[in-house]
file work-v3.cif (mmCIF, C-alpha atoms)
data_upload
loop_
_atom_site.label_atom_id
_atom_site.label_comp_id
_atom_site.auth_asym_id
_atom_site.auth_seq_id
_atom_site.Cartn_x
_atom_site.Cartn_y
_atom_site.Cartn_z
CA MET A 1 -37.84 -38.43 -46.70
CA SER A 2 -39.68 -38.43 -43.41
CA LYS A 3 -40.17 -35.06 -41.76
CA VAL A 4 -40.54 -36.61 -38.30
CA HIS A 5 -37.45 -36.06 -36.16
CA ALA A 6 -36.49 -39.42 -34.65
CA SER A 7 -34.43 -37.83 -31.85
CA LYS A 8 -37.45 -36.33 -30.06
CA THR A 9 -40.83 -37.46 -28.82
CA ARG A 10 -43.48 -34.80 -29.36
CA VAL A 11 -47.06 -34.86 -28.08
CA ILE A 12 -49.60 -32.36 -29.43
CA PHE A 13 -53.23 -32.10 -28.30
CA TRP A 14 -55.64 -31.32 -31.16
CA GLY A 15 -58.80 -32.19 -29.22
CA VAL A 16 -59.29 -32.52 -25.45
CA ARG A 17 -63.08 -32.48 -24.95
CA GLY A 18 -65.49 -35.30 -24.21
CA SER A 19 -68.98 -36.02 -25.58
CA ILE A 20 -69.42 -33.13 -28.01
CA PRO A 21 -67.34 -30.27 -29.48
CA THR A 22 -67.67 -27.09 -27.43
CA PRO A 23 -66.38 -24.14 -29.48
CA GLY A 24 -66.84 -20.66 -28.09
CA PRO A 25 -65.27 -17.93 -25.96
CA GLY A 26 -65.32 -20.09 -22.83
CA THR A 27 -63.09 -22.84 -24.27
CA VAL A 28 -60.47 -20.87 -26.18
CA ARG A 29 -57.46 -21.74 -24.00
CA TYR A 30 -57.99 -25.47 -23.57
CA GLY A 31 -59.80 -25.97 -26.86
CA GLY A 32 -63.27 -27.11 -27.84
CA ASN A 33 -62.58 -30.09 -30.12
CA THR A 34 -63.11 -33.72 -29.11
CA SER A 35 -60.36 -36.26 -28.53
CA CYS A 36 -57.33 -36.32 -30.81
CA VAL A 37 -53.68 -36.50 -29.74
CA GLU A 38 -50.65 -36.63 -32.05
CA VAL A 39 -47.52 -38.49 -30.92
CA ARG A 40 -44.31 -38.32 -32.96
CA ALA A 41 -41.48 -40.64 -31.99
CA ASP A 42 -38.73 -42.68 -33.63
CA GLY A 43 -39.77 -41.64 -37.14
CA GLU A 44 -43.46 -42.51 -36.61
CA ILE A 45 -46.63 -40.42 -36.44
CA ILE A 46 -49.28 -41.98 -34.20
CA VAL A 47 -52.70 -40.36 -33.86
CA LEU A 48 -54.70 -41.28 -30.77
CA ASP A 49 -58.41 -41.11 -31.61
CA ALA A 50 -60.19 -39.25 -34.39
CA GLY A 51 -62.50 -36.80 -32.69
CA SER A 52 -63.21 -33.42 -34.26
CA GLY A 53 -59.65 -32.30 -33.48
CA ILE A 54 -58.29 -34.54 -36.23
CA ARG A 55 -59.59 -32.08 -38.84
CA LEU A 56 -57.09 -29.44 -37.69
CA LEU A 57 -54.33 -32.06 -37.50
CA GLY A 58 -55.02 -33.02 -41.12
CA GLN A 59 -54.75 -29.42 -42.25
CA SER A 60 -51.47 -29.04 -40.37
CA LEU A 61 -50.01 -32.20 -41.92
CA GLN A 62 -51.01 -31.07 -45.42
CA ARG A 63 -49.14 -27.79 -44.92
CA GLU A 64 -46.11 -29.53 -43.41
CA PHE A 65 -45.66 -32.32 -45.96
CA GLY A 66 -46.85 -30.54 -49.09
CA SER A 67 -46.42 -32.90 -52.04
CA ASP A 68 -44.54 -35.50 -49.96
CA PRO A 69 -46.44 -38.62 -48.83
CA ILE A 70 -47.79 -38.81 -45.29
CA ARG A 71 -47.49 -42.10 -43.42
CA LEU A 72 -49.23 -42.49 -40.07
CA ALA A 73 -51.19 -44.80 -37.78
CA ILE A 74 -54.46 -43.96 -36.02
CA LEU A 75 -55.18 -45.82 -32.77
CA ILE A 76 -58.90 -45.79 -31.91
CA SER A 77 -59.65 -46.23 -28.22
CA HIS A 78 -63.33 -47.00 -28.92
CA THR A 79 -65.97 -46.10 -31.48
CA HIS A 80 -68.21 -43.74 -29.52
CA TRP A 81 -69.02 -40.82 -31.80
CA ASP A 82 -66.87 -38.19 -30.06
CA HIS A 83 -63.78 -40.34 -30.77
CA ILE A 84 -64.36 -40.94 -34.51
CA GLN A 85 -66.48 -38.03 -35.72
CA GLY A 86 -63.57 -36.15 -37.27
CA LEU A 87 -62.31 -38.92 -39.54
CA PRO A 88 -64.46 -37.98 -42.59
CA PHE A 89 -62.87 -34.51 -42.41
CA PHE A 90 -59.25 -35.72 -42.20
CA LEU A 91 -57.77 -34.42 -45.46
CA PRO A 92 -54.81 -36.88 -45.72
CA ALA A 93 -57.35 -39.72 -46.02
CA TYR A 94 -58.38 -38.44 -49.47
CA SER A 95 -55.00 -38.58 -51.19
CA GLY A 96 -53.74 -41.79 -52.80
CA LYS A 97 -50.10 -40.92 -52.08
CA ASN A 98 -50.59 -41.20 -48.32
CA GLN A 99 -50.39 -44.37 -46.21
CA LEU A 100 -52.91 -44.42 -43.36
CA LYS A 101 -53.63 -47.37 -41.12
CA VAL A 102 -56.34 -47.46 -38.46
CA PHE A 103 -56.02 -49.81 -35.46
CA GLY A 104 -58.72 -50.66 -32.94
CA TYR A 105 -60.47 -53.46 -31.11
CA ASP A 106 -63.95 -54.94 -31.46
CA GLY A 107 -66.26 -52.69 -33.50
CA THR A 108 -63.63 -50.58 -35.24
CA ARG A 109 -63.99 -52.22 -38.65
CA THR A 110 -67.79 -51.99 -38.54
CA ARG A 111 -67.91 -48.30 -37.66
CA LEU A 112 -65.09 -47.10 -39.91
CA PRO A 113 -65.60 -48.64 -43.37
CA GLY A 114 -63.52 -46.09 -45.27
CA LYS A 115 -60.97 -46.56 -48.04
CA ILE A 116 -58.05 -46.51 -45.66
CA GLU A 117 -56.58 -49.72 -44.24
CA ILE A 118 -58.23 -50.87 -41.01
CA GLU A 119 -56.79 -53.55 -38.72
CA GLU A 120 -58.94 -54.98 -35.93
CA LEU A 121 -56.54 -55.75 -33.11
CA LYS A 122 -56.56 -59.13 -31.39
CA ASP A 123 -53.37 -58.99 -29.30
CA MET A 124 -52.82 -56.61 -26.42
CA ASP A 125 -49.19 -56.00 -27.42
CA PHE A 126 -48.13 -54.95 -30.92
CA ARG A 127 -45.69 -52.72 -32.77
CA ILE A 128 -45.94 -49.72 -35.07
CA GLY A 129 -42.60 -49.45 -36.80
CA ARG A 130 -40.02 -49.67 -34.04
CA LEU A 131 -42.43 -48.48 -31.33
CA GLN A 132 -43.80 -51.03 -28.88
CA ILE A 133 -47.49 -50.55 -27.99
CA ARG A 134 -49.27 -52.16 -25.04
CA SER A 135 -53.01 -51.90 -24.53
CA LYS A 136 -55.50 -52.49 -21.75
CA PHE A 137 -59.29 -52.60 -21.73
CA LEU A 138 -60.78 -49.82 -19.62
CA ASN A 139 -63.94 -49.39 -17.56
CA HIS A 140 -66.25 -47.74 -20.09
CA PRO A 141 -69.48 -48.93 -21.75
CA GLY A 142 -68.70 -51.17 -24.73
CA VAL A 143 -65.11 -51.93 -25.70
CA CYS A 144 -62.63 -49.18 -24.86
CA ALA A 145 -58.85 -49.58 -24.83
CA GLY A 146 -56.06 -47.52 -23.39
CA TYR A 147 -52.65 -47.49 -25.08
CA ARG A 148 -49.11 -47.31 -23.71
CA ILE A 149 -46.53 -46.22 -26.30
CA SER A 150 -42.87 -46.84 -25.48
CA THR A 151 -40.70 -44.22 -27.17
CA PRO A 152 -36.93 -43.63 -26.98
CA ALA A 153 -37.63 -40.62 -24.76
CA GLY A 154 -40.15 -42.24 -22.43
CA SER A 155 -43.58 -43.83 -22.21
CA VAL A 156 -46.88 -42.16 -23.13
CA VAL A 157 -50.15 -43.64 -21.81
CA TYR A 158 -53.47 -42.62 -23.36
CA MET A 159 -56.60 -43.42 -21.29
CA PRO A 160 -59.34 -41.15 -22.66
CA ASP A 161 -62.49 -42.76 -21.20
CA ASN A 162 -62.24 -44.67 -17.92
CA GLU A 163 -64.25 -44.90 -14.71
CA PRO A 164 -62.79 -45.94 -11.36
CA PHE A 165 -62.84 -49.72 -10.98
CA GLU A 166 -63.81 -49.40 -7.30
CA GLN A 167 -67.45 -48.94 -8.36
CA LEU A 168 -67.36 -51.65 -11.03
CA ASP A 169 -70.07 -53.90 -9.59
CA VAL A 170 -72.45 -50.96 -9.14
CA GLN A 171 -71.70 -49.69 -12.63
CA LEU A 172 -72.48 -53.00 -14.32
CA ARG A 173 -75.77 -53.26 -12.43
CA ASN A 174 -76.67 -49.70 -13.43
CA ARG A 175 -76.03 -50.51 -17.07
CA GLY A 176 -78.33 -53.49 -16.76
CA VAL A 177 -76.27 -55.71 -19.08
CA GLU A 178 -73.44 -58.15 -18.83
CA ASN A 179 -70.15 -57.09 -20.38
CA THR A 180 -69.80 -59.32 -23.43
CA ALA A 181 -66.37 -58.14 -24.57
CA ARG A 182 -64.43 -59.74 -21.75
CA GLN A 183 -64.77 -61.06 -18.23
CA PHE A 184 -64.02 -58.51 -15.53
CA LYS A 185 -62.02 -59.52 -12.47
CA SER A 186 -62.91 -58.15 -9.06
CA PRO A 187 -62.77 -54.33 -8.77
CA ALA A 188 -59.62 -54.57 -6.60
CA GLU A 189 -57.86 -56.84 -9.10
CA GLU A 190 -58.84 -54.66 -12.04
CA ARG A 191 -57.49 -51.55 -10.33
CA ALA A 192 -54.25 -53.33 -9.39
CA ASP A 193 -53.79 -54.42 -13.01
CA LEU A 194 -54.38 -50.85 -14.18
CA VAL A 195 -51.83 -49.46 -11.73
CA GLU A 196 -49.23 -51.90 -13.07
CA PHE A 197 -50.13 -50.92 -16.65
CA LEU A 198 -49.44 -47.28 -15.73
CA ARG A 199 -46.38 -47.97 -13.57
CA GLY A 200 -43.66 -45.34 -14.07
CA ALA A 201 -45.23 -43.75 -17.16
CA ASP A 202 -43.54 -40.53 -18.23
CA LEU A 203 -46.84 -39.04 -19.39
CA LEU A 204 -50.35 -40.17 -18.43
CA ILE A 205 -53.17 -38.66 -20.52
CA VAL A 206 -56.32 -39.57 -18.61
CA ASP A 207 -60.07 -39.06 -18.41
CA ALA A 208 -60.81 -36.59 -15.59
CA GLN A 209 -64.20 -35.45 -16.82
CA TYR A 210 -65.89 -34.88 -13.47
CA THR A 211 -65.21 -33.12 -10.21
CA ASP A 212 -65.59 -35.43 -7.22
CA GLU A 213 -69.04 -33.97 -6.51
CA GLU A 214 -70.19 -34.40 -10.12
CA TYR A 215 -69.01 -37.99 -10.22
CA GLN A 216 -71.43 -38.98 -7.45
CA ARG A 217 -74.27 -38.12 -9.86
CA HIS A 218 -72.66 -39.98 -12.78
CA VAL A 219 -71.67 -43.38 -11.42
CA GLY A 220 -71.86 -45.87 -14.28
CA TRP A 221 -71.39 -43.32 -17.06
CA GLY A 222 -67.86 -44.50 -17.76
CA HIS A 223 -65.77 -41.45 -16.85
CA GLY A 224 -63.27 -40.47 -14.19
CA SER A 225 -63.08 -37.93 -11.38
CA VAL A 226 -60.24 -35.74 -10.17
CA SER A 227 -59.50 -37.70 -7.00
CA SER A 228 -59.65 -41.06 -8.76
CA VAL A 229 -57.07 -40.14 -11.41
CA VAL A 230 -54.79 -38.46 -8.87
CA SER A 231 -54.91 -41.66 -6.82
CA LEU A 232 -54.05 -43.78 -9.87
CA ALA A 233 -51.18 -41.51 -10.89
CA ALA A 234 -49.78 -41.46 -7.35
CA ASP A 235 -50.02 -45.23 -6.87
CA ALA A 236 -48.38 -45.86 -10.26
CA ASP A 237 -45.62 -43.24 -9.73
CA VAL A 238 -46.22 -41.58 -13.09
CA LYS A 239 -44.07 -38.53 -13.80
CA ARG A 240 -46.54 -36.26 -15.56
CA LEU A 241 -50.35 -36.18 -15.40
CA LEU A 242 -52.37 -34.65 -18.22
CA LEU A 243 -56.07 -34.20 -17.38
CA PHE A 244 -58.19 -34.94 -20.46
CA HIS A 245 -61.71 -35.46 -21.85
CA HIS A 246 -63.07 -32.28 -20.29
CA ASP A 247 -66.80 -32.16 -19.71
CA PRO A 248 -68.72 -30.04 -22.27
CA ASN A 249 -70.15 -28.01 -19.36
CA HIS A 250 -66.67 -27.09 -18.09
CA ASP A 251 -65.28 -23.83 -19.46
CA ASP A 252 -61.63 -22.82 -19.23
CA GLU A 253 -62.12 -21.30 -15.77
CA MET A 254 -63.60 -24.56 -14.49
CA VAL A 255 -60.75 -26.61 -15.98
CA ASP A 256 -58.30 -24.27 -14.21
CA LYS A 257 -60.01 -25.06 -10.91
CA ILE A 258 -59.87 -28.81 -11.60
CA VAL A 259 -56.14 -28.59 -12.36
CA ASP A 260 -55.56 -26.63 -9.14
CA LYS A 261 -57.51 -29.23 -7.17
CA ALA A 262 -55.48 -32.07 -8.69
CA ARG A 263 -52.20 -30.29 -7.90
CA MET A 264 -53.31 -29.78 -4.30
CA GLN A 265 -54.23 -33.44 -3.95
CA ILE A 266 -50.88 -34.53 -5.43
CA ALA A 267 -49.09 -32.36 -2.86
CA GLN A 268 -51.21 -33.82 -0.05
CA VAL A 269 -50.06 -37.37 -0.88
CA GLY A 270 -46.43 -36.23 -0.98
CA LYS A 271 -45.79 -36.81 -4.69
CA SER A 272 -43.97 -34.56 -7.16
CA ILE A 273 -46.10 -35.33 -10.23
CA ALA A 274 -46.52 -32.45 -12.69
CA VAL A 275 -50.21 -31.83 -13.47
CA GLU A 276 -51.48 -30.10 -16.61
CA ALA A 277 -54.59 -30.01 -18.78
CA GLU A 278 -53.31 -29.09 -22.24
CA SER A 279 -50.01 -28.47 -23.94
CA ALA A 280 -47.65 -29.38 -26.73
CA LEU A 281 -45.05 -31.52 -24.99
CA ILE A 282 -41.52 -32.69 -25.68
CA LEU A 283 -40.42 -35.75 -23.71
#
call {"tool": "encode", "arguments": {"input": "work-v3.cif", "output": "structure tokens"}}
result
Amino acid sequence: MSKVHASKTRVIFWGVRGSIPTPGPGTVRYGGNTSCVEVRADGEIIVLDAGSGIRLLGQSLQREFGSDPIRLAILISHTHWDHIQGLPFFLPAYSGKNQLKVFGYDGTRTRLPGKIEIEELKDMDFRIGRLQIRSKFLNHPGVCAGYRISTPAGSVVYMPDNEPFEQLDVQLRNRGVENTARQFKSPAEERADLVEFLRGADLLIVDAQYTDEEYQRHVGWGHGSVSSVVSLAADADVKRLLLFHHDPNHDDEMVDKIVDKARMQIAQVGKSIAVEAESALIL
């Protein structure tokens, strides 16, 4: 019998860092593991990315389920190392009684050739059990997808690595290559599409790796800034904003300052969006 309570949607953050794990006294409150978020809704367990945080999630699931089988889906945003490095250490993957399925777009099958079932996604809309999932390609080197999960209690959007589309033309020139995964529209059209993808989300988990000043030195790196994500959240009228993918050079004190800055900017635009940087949430 499933141990997931269908009446609630629960979101737990097992890894919130970008680029590389950053354990130590300066990251105790927000955590030092790389990207991994657990969503439980309507009898399903969905794991968003498999950074180093998935190791702790696996240990927790083993304790919770004991001898009972574990059934879950892992949605990979993209296959950069900080988003898949924890998978070899995910204990439920080594038991034959468990049912694990990994979903992702171009490159997922090549980079994750394990014994678990892997499905390379082709459509931008799909279902996991009774949950409807929508996806959108983001502005990040290679192929990177964001996911919108519709649950009975509300919608959860996961956008772990994304750079503002306003600088898209500059970014592509800086990378020195054409994007082969898909054809980009104009920066204005891409941003408008993203705003509609986010429209009215109950929880937006989003890449806010840089301060505004830091971003000016990192145009083309594929990550967001505080002002850019506040602007997106405000334009899309999301209800809750969760700042994510914290820079490895940002300790807890720095993340506190970034959260304060985002809250101030939300107030300045006259919105009532709740802003956080880590938590275990019930929708």
call {"tool": "atom_distance", "arguments": {"input": "work-v3.cif", "atom1": "atom CA of Ile20 of chain A", "atom2": "atom CA of Ser35 of chain A"}}
result
9.6 Å
call {"tool": "closest_residue", "arguments": {"input": "work-v3.cif", "among": "A:Met159, A:Val230, A:Ile46, A:Ile76", "to": "Gln132 of chain A", "atoms": "all atoms listed in the file"}}
result
A:Ile46
call {"tool": "resolve_selection", "arguments": {"input": "work-v3.cif", "expression": "the PyMOL selection byres ((chain A and resi 139-144) around 7)", "output": "compact mmCIF listing (two decimals) with C-alpha atoms, in the frame of the given file"}}
result
# COMPACT_ATOMS: atom_id res chain seq x y z
CA SER A 77 -59.65 -46.23 -28.22
CA HIS A 78 -63.33 -47.00 -28.92
CA ASP A 106 -63.95 -54.94 -31.46
CA PHE A 137 -59.29 -52.60 -21.73
CA LEU A 138 -60.78 -49.82 -19.62
CA ALA A 145 -58.85 -49.58 -24.83
CA GLY A 146 -56.06 -47.52 -23.39
CA ASP A 161 -62.49 -42.76 -21.20
CA ASN A 162 -62.24 -44.67 -17.92
CA GLU A 163 -64.25 -44.90 -14.71
CA PHE A 165 -62.84 -49.72 -10.98
CA ALA A 181 -66.37 -58.14 -24.57
CA GLY A 222 -67.86 -44.50 -17.76
call {"tool": "resolve_selection", "arguments": {"input": "work-v3.cif", "expression": "the PyMOL selection byres ((chain A and resi 54) around 8)", "output": "PyMOL selection string"}}
result
chain A and resi 14-15+36+50-53+55-58+86-87+89-90
call {"tool": "residues_around", "arguments": {"input": "work-v3.cif", "residues": "Ser135 of chain A", "least_positions_apart": "6", "cutoff": "12 Å", "atoms": "all atoms listed in the file", "output": "MDAnalysis selection string"}}
result
chainID A and resid 75:77 103:105 121:127 144:150 156:159 193:194 197:198
call {"tool": "residues_around", "arguments": {"input": "work-v3.cif", "residues": "segment 234-247 of chain A", "least_positions_apart": "4", "cutoff": "8 Å", "atoms": "only C-alpha atoms", "output": "PyMOL selection string"}}
result
chain A and resi 16-19+34-35+160-161+195-196+198-210+230+255+259+266+269+271-278
call {"tool": "write_last_selection", "arguments": {"input": "work-v3.cif", "atoms": "C-alpha atoms", "output": "CSV table (one decimal), in the frame of the given file"}}
result
chain,number,residue,atom,x,y,z
A,16,VAL,CA,-59.3,-32.5,-25.4
A,17,ARG,CA,-63.1,-32.5,-25.0
A,18,GLY,CA,-65.5,-35.3,-24.2
A,19,SER,CA,-69.0,-36.0,-25.6
A,34,THR,CA,-63.1,-33.7,-29.1
A,35,SER,CA,-60.4,-36.3,-28.5
A,160,PRO,CA,-59.3,-41.2,-22.7
A,161,ASP,CA,-62.5,-42.8,-21.2
A,195,VAL,CA,-51.8,-49.5,-11.7
A,196,GLU,CA,-49.2,-51.9,-13.1
A,198,LEU,CA,-49.4,-47.3,-15.7
A,199,ARG,CA,-46.4,-48.0,-13.6
A,200,GLY,CA,-43.7,-45.3,-14.1
A,201,ALA,CA,-45.2,-43.8,-17.2
A,202,ASP,CA,-43.5,-40.5,-18.2
A,203,LEU,CA,-46.8,-39.0,-19.4
A,204,LEU,CA,-50.4,-40.2,-18.4
A,205,ILE,CA,-53.2,-38.7,-20.5
A,206,VAL,CA,-56.3,-39.6,-18.6
A,207,ASP,CA,-60.1,-39.1,-18.4
A,208,ALA,CA,-60.8,-36.6,-15.6
A,209,GLN,CA,-64.2,-35.4,-16.8
A,210,TYR,CA,-65.9,-34.9,-13.5
A,230,VAL,CA,-54.8,-38.5,-8.9
A,255,VAL,CA,-60.8,-26.6,-16.0
A,259,VAL,CA,-56.1,-28.6,-12.4
A,266,ILE,CA,-50.9,-34.5,-5.4
A,269,VAL,CA,-50.1,-37.4,-0.9
A,271,LYS,CA,-45.8,-36.8,-4.7
A,272,SER,CA,-44.0,-34.6,-7.2
A,273,ILE,CA,-46.1,-35.3,-10.2
A,274,ALA,CA,-46.5,-32.4,-12.7
A,275,VAL,CA,-50.2,-31.8,-13.5
A,276,GLU,CA,-51.5,-30.1,-16.6
A,277,ALA,CA,-54.6,-30.0,-18.8
A,278,GLU,CA,-53.3,-29.1,-22.2
call {"tool": "residues_around", "arguments": {"input": "work-v3.cif", "residues": "Pro164 of chain A", "least_positions_apart": "2", "cutoff": "10 Å", "atoms": "all atoms listed in the file", "output": "PyMOL selection string"}}
result
chain A and resi 138-140+162+166-168+171+187+190-191+219-220+222-225+227-229+232
call {"tool": "resolve_selection", "arguments": {"input": "work-v3.cif", "expression": "the PyMOL selection byres ((chain A and resi 152) around 12)", "output": "number ranges by chain"}}
result
A: 5-10, 40-44, 130-132, 149-151, 153-156, 202, 282-283
call {"tool": "closest_residue", "arguments": {"input": "work-v3.cif", "among": "A:Ser279, A:Thr22, A:Thr211, A:Asn33", "to": "His83 of chain A", "atoms": "all atoms listed in the file"}}
result
A:Asn33
call {"tool": "atom_distance", "arguments": {"input": "work-v3.cif", "atom1": "atom CA of Ala188 of chain A", "atom2": "atom CA of Ile133 of chain A"}}
result
24.9 Å
call {"tool": "atom_distance", "arguments": {"input": "work-v3.cif", "atom1": "atom CA of Glu119 of chain A", "atom2": "atom CA of Ile45 of chain A"}}
result
16.8 Å
